[in-house]
There are 2 protein chains.
Amino acid sequence: MITLDKDIKSPFYEQIYAQIKNNILHGYLKPGEKIMGTRSLAGLLGVSRNTVDRAYQQLSVEGYILSKQSAGFYISDLPFAFPVEKKVEAPKAKPVSVPKQKSVDVKYDLTNNSYTNNLFPVKIWKKHYQYALDVISSKEEITSLQSFQGDLSLRSEISRYLERIRGVKCSPNQIIITSGLQQSIDYLCLFLGDNQPSVLMENPTYPKAKEIFIKNNYNISYAPVDEDGIKIHDVMGSRHYGFVYTTPSHQFPLGMTMSLERRYELLKFAKDNDTYIIEDDYDSELRYYQRPIPALKSIDYYEKVIYLGTFSKILAPSFRMSYIVLPSNITEAFLEKFKNYNSTVNLINQIVLSEILASGDYDRLVRKMNYIFKKRFEAFKEGFKTFSIPLSITQNVSGQYFLIELPKEYDENDKHSLIEKALEHGVRVYDSMHFWHEDFTCPSNSLFLGFSKISIEDISDCIKRLRLAWDS
Amino acid sequence: MITLDKDIKSPFYEQIYAQIKNNILHGYLKPGEKIMGTRSLAGLLGVSRNTVDRAYQQLSVEGYILSKQSAGFYISDLPFAFPVEKKVEAPKAKPVSVPKQKSVDVKYDLTNNSYTNNLFPVKIWKKHYQYALDVISSKEEITSLQSFQGDLSLRSEISRYLERIRGVKCSPNQIIITSGLQQSIDYLCLFLGDNQPSVLMENPTYPKAKEIFIKNNYNISYAPVDEDGIKIHDVMGSRHYGFVYTTPSHQFPLGMTMSLERRYELLKFAKDNDTYIIEDDYDSELRYYQRPIPALKSIDYYEKVIYLGTFSKILAPSFRMSYIVLPSNITEAFLEKFKNYNSTVNLINQIVLSEILASGDYDRLVRKMNYIFKKRFEAFKEGFKTFSIPLSITQNVSGQYFLIELPKEYDENDKHSLIEKALEHGVRVYDSMHFWHEDFTCPSNSLFLGFSKISIEDISDCIKRLRLAWDS
């Protein structure tokens, strides 16, 4: 029995189609059974024959009914008995929200993953976006699949920027635009295509990078670090590594800069052992006091350094634009390997960023961010001086986080108690444990605090809460 | 000898820094050597002492010089003899352009990878972009690393869209936003994490999908297709496949729709063999005549179908936004696997797309595109009727391409000669060879023509050129 309902939004032919289909699926109409002709059904339902025709046509195309030459329509022979149409959860107006870790009321989250909202340069982005959209919408590129490497104008701007700010000289051809650090590392792993792939990482290191090596089945070894950076001598000769992953400008999370001596040692190690160094230069632009240290890549005389940069720290973490700078002698092989890949980065955004770099707005943004983060860092540094438990902050001249060293005699329990007490007072601070390879190698007296998500006005209140939590 | 040049853009302290560094790197200043004090050098150069201090500070930080307590500055002990600063290719104003295949003057490129420019919905995009930017720039999300899954509002809109247009019922939680088909497949391969991974593909199939399985070291088997789609019976029992990759709505590149019978067979096969079906529904919205055929996913009673959708065909290939719909019973495990990953898709673009879907603009765009492509297809179909060599066009009711069947007696040489002759007349048509698993399985009398990049006004001229090329 087919019923039509004028109050339902869907047109009559759709209602007819859906009801016959349901009847078939529920077994009310059996394979081989003849159904009413279009003229009769149209008459019965009081609709035009055209409406029924359209419904039958759709049922035919989908294979539910067969039209036999001048003999009418029959239910098709479905290949096997069929369960009644499954009940699936319909999309809800209020969909399931992602579960958030929010047992207590956190007023200040001292993370380094998010920013305060006011930092997104909405005016600059909007201005250049409008321009880019007008230009690009008349161009062929917008409607084409892009090449894997990314937009040439953006790559050219990046090469100029790198020379200007990081001392890195490279041609645009050595640059690949990616959707973030993780994708950059993923491509590198794929490129190496080692059978027994192996990477040497610093201990401690950046967990989101480590994750990608794990995904690619890499055997991960660890090199210790001291105040001068990675101690490559300690692991020399032990085995061959495809990559050494390192953060020379600003060791993550300890914060120190790799010394020149260690840099040269590392370059020589890479040359002697035919290993590529992955230099993750994640926040090197954010350097409060001195000019930024030139990148390791700037002294890559042996063509062994793969440089990874990102725009997330200046624009916004949600922008998802990063890049790889390859040594020139592997660029061709790299591009050959990925010749059937398309870029995963939205083209308009690439053009906009290219405009922002070319206009000088990006450099101005960097300076602004440096100023803001410097102020925040100094406010924390000053604030912690007033605590009665003696805290020291890692010597830090850049970035958006620092480590707190608690008194030497503090153990794991003391540390956890401080984290909990802080939380009770509305401040989330982080255990630095998960940056270390194994728990026991992590100093038990160290906490991780990021200040990207707390505004300068709130820092004194945050400090007050922490003092209340920890000094009592 | 240090010289300062007022005409150089860089400030004096930078010039001092750079020249001392160069002197060290070139060996003019030796390790252990004492250098002039800041006061003396400042006097000598006629600059403030502050300027020299800043240069020395930078050299210290980078490890080139050492400050000895009240004994002045010394050149550091560099770890090994150092080559003279390498000459690297400086970024050029006119950078190397990507080599393009352009030996002849191609007036009409009958590809399916690009669009005519006028198709990008610039007004709609701009309107919603401005709105989204205003809304989002005051929100926390913009400045946070996003969750792997992508924006919830977009996922909710996709779930509504899929139910409306493709008959697929799913919750937003089953959806993952990705940067394109290739990334979608990449994630699926990673998720399965099979030791001896194996995929069954149709022959012929989509090369860009195949590429990703190859990258993930998949063993690829092939199933034949006929006018009803994949013939799964022909390969049953031969081995276990992790995935079957298929294009049920519009077989690529043959153009037919998988019959209902074959769909049920395939679902049963997946259930009996514990195999996941990857349904690539790449252009199913573009259906000129009937309502779109519901997706295979809409009858996924056994929860074995992974649905892949994309927005490239309606917005623009350069947008890089696609999605995965997972069976609900593997969603949790999938999200767990990727919990340390971040989304690679720009957040603002996700919000904009969500607005476009919610406003009904997307559905209107789909209808507009259907109309445009239908007109283009019909113009070609009509045009080819006028040829003296009998050509038939694959029965096609959707999409942006078709195959031409040449007379049966045509062999490889005849085909290549037609391709060349077309090119001589300014029209690029494609050999369909590379869609087939092995050359010999490809019919020698078939050509691939896309009509996404040719406007309706140009089709008669294009036909004229082809007729001139082929009929003479």
# chains A, B, ... in the order shown; residues from 1 in each chain; ligands from 1

call {"tool": "residues_around", "arguments": {"residues": "Arg465 of chain B", "least_positions_apart": "2", "cutoff": "10 Å", "atoms": "only C-alpha atoms", "output": "ChimeraX atom specification"}}
result
/B:108,421-427,459-463,467-471

call {"tool": "residues_around", "arguments": {"residues": "segment 344-346 of chain B", "least_positions_apart": "6", "cutoff": "9 Å", "atoms": "only C-alpha atoms", "output": "PyMOL selection string"}}
result
(chain A and resi 178-180+182-183+318-321+344-346+349) or (chain B and resi 146+148+150+177-179+320-321)

call {"tool": "select_by_dssp", "arguments": {"residues": "segment 160-366 of chain B", "states": "alpha helix (DSSP H)", "output": "ChimeraX atom specification"}}
result
/B:160-161,181-192,207-215,260-273,328-337,347-358,361-366

call {"tool": "select_by_dssp", "arguments": {"residues": "segment 234-419 of chain B", "states": "strand (DSSP E or B)", "output": "number ranges by chain"}}
result
B: 243-246, 276-280, 287, 305-310, 322-325, 392-393, 398, 401-405

call {"tool": "write_last_selection", "arguments": {"atoms": "C-alpha atoms", "output": "compact mmCIF listing (two decimals), in the first residue's frame"}}
result
# COMPACT_ATOMS: atom_id res chain seq x y z
CA PHE B 243 40.16 -4.40 1.54
CA VAL B 244 38.15 -4.44 -1.65
CA TYR B 245 38.45 -1.06 -3.34
CA THR B 246 35.52 -0.28 -5.59
CA TYR B 276 36.31 -4.28 4.37
CA ILE B 277 34.87 -2.71 1.25
CA ILE B 278 36.23 0.74 0.45
CA GLU B 279 33.50 2.49 -1.50
CA ASP B 280 35.03 5.41 -3.36
CA ARG B 287 24.26 12.33 -12.08
CA VAL B 305 31.60 -0.71 4.05
CA ILE B 306 33.99 2.21 4.49
CA TYR B 307 32.66 5.13 2.51
CA LEU B 308 34.97 7.74 0.95
CA GLY B 309 33.56 11.06 -0.16
CA THR B 310 35.11 14.24 -1.49
CA SER B 322 37.47 14.75 1.68
CA TYR B 323 36.10 12.45 4.32
CA ILE B 324 35.83 8.89 5.51
CA VAL B 325 32.67 7.32 6.93
CA SER B 392 30.58 4.82 -29.63
CA ILE B 393 30.62 6.54 -26.31
CA SER B 398 27.27 10.98 -14.50
CA TYR B 401 34.53 11.96 -18.50
CA PHE B 402 33.64 9.19 -20.91
CA LEU B 403 35.37 6.52 -22.91
CA ILE B 404 35.25 6.38 -26.67
CA GLU B 405 35.11 2.96 -28.25

call {"tool": "atom_distance", "arguments": {"atom1": "atom CA of Leu59 of chain A", "atom2": "atom CA of Ile314 of chain B"}}
result
26.1 Å

call {"tool": "closest_residue", "arguments": {"among": "A:Asp411, A:Asp274, A:Glu202, A:Asp7", "to": "Phe252 of chain A", "atoms": "only C-alpha atoms"}}
result
A:Glu202

call {"tool": "residues_around", "arguments": {"residues": "Gln57 of chain B", "least_positions_apart": "5", "cutoff": "12 Å", "atoms": "only C-alpha atoms", "output": "VMD selection string"}}
result
(chain A and resid 289 to 293) or (chain B and resid 13 to 14 16 to 17 38 50 to 52 62 to 67 73)

call {"tool": "residues_around", "arguments": {"residues": "Pro197 of chain A", "least_positions_apart": "2", "cutoff": "10 Å", "atoms": "only C-alpha atoms", "output": "list in words"}}
result
Cys189, Leu192, Gly193, Asp194, Asn195, Val199, Phe213, Asn216, Asn217, Tyr218, Asn219, Ile220, His240, Tyr241, Gly242 and Phe243 of chain A

call {"tool": "atom_distance", "arguments": {"atom1": "atom CA of Leu119 of chain A", "atom2": "atom CA of Ala316 of chain A"}}
result
8.0 Å

call {"tool": "closest_residue", "arguments": {"among": "A:Pro253, A:Gly32, A:Gly383, A:Pro294", "to": "chain B", "atoms": "only C-alpha atoms"}}
result
A:Pro294

call {"tool": "residues_around", "arguments": {"residues": "Phe269 of chain B", "least_positions_apart": "2", "cutoff": "10 Å", "atoms": "only C-alpha atoms", "output": "PyMOL selection string"}}
result
chain B and resi 232-233+236-237+244+263-267+271-277+304

call {"tool": "residues_around", "arguments": {"residues": "Arg39 of chain B", "least_positions_apart": "5", "cutoff": "10 Å", "atoms": "only C-alpha atoms", "output": "JSON, numbers by chain"}}
result
{"B": [44, 47, 48, 49, 50, 52, 53]}

call {"tool": "decode", "arguments": {"residues": "segment 31-57 of chain B", "atoms": "C-alpha atoms", "output": "short mmCIF file (atom, residue, chain, number, x, y, z; two decimals), in the first residue's frame"}}
result
data_model
loop_
_atom_site.label_atom_id
_atom_site.label_comp_id
_atom_site.auth_asym_id
_atom_site.auth_seq_id
_atom_site.Cartn_x
_atom_site.Cartn_y
_atom_site.Cartn_z
CA PRO B 31 90.74 29.00 17.84
CA GLY B 32 92.13 30.43 21.04
CA GLU B 33 92.98 33.77 19.45
CA LYS B 34 91.93 36.81 21.46
CA ILE B 35 89.82 39.39 19.65
CA MET B 36 89.52 43.09 20.21
CA GLY B 37 87.45 44.22 23.21
CA THR B 38 84.06 45.74 22.61
CA ARG B 39 85.11 49.24 23.65
CA SER B 40 88.12 49.33 21.33
CA LEU B 41 86.24 47.90 18.37
CA ALA B 42 83.41 50.37 18.91
CA GLY B 43 85.91 53.22 18.92
CA LEU B 44 87.65 51.90 15.84
CA LEU B 45 84.42 51.57 13.88
CA GLY B 46 82.84 54.72 15.24
CA VAL B 47 79.76 52.98 16.54
CA SER B 48 78.27 52.77 20.02
CA ARG B 49 79.67 50.14 22.33
CA ASN B 50 76.19 48.74 22.55
CA THR B 51 76.29 47.81 18.88
CA VAL B 52 79.46 45.79 19.28
CA ASP B 53 78.14 44.23 22.48
CA ARG B 54 75.14 42.95 20.62
CA ALA B 55 77.27 41.42 17.88
CA TYR B 56 79.55 39.72 20.42
CA GLN B 57 76.58 38.47 22.38
#
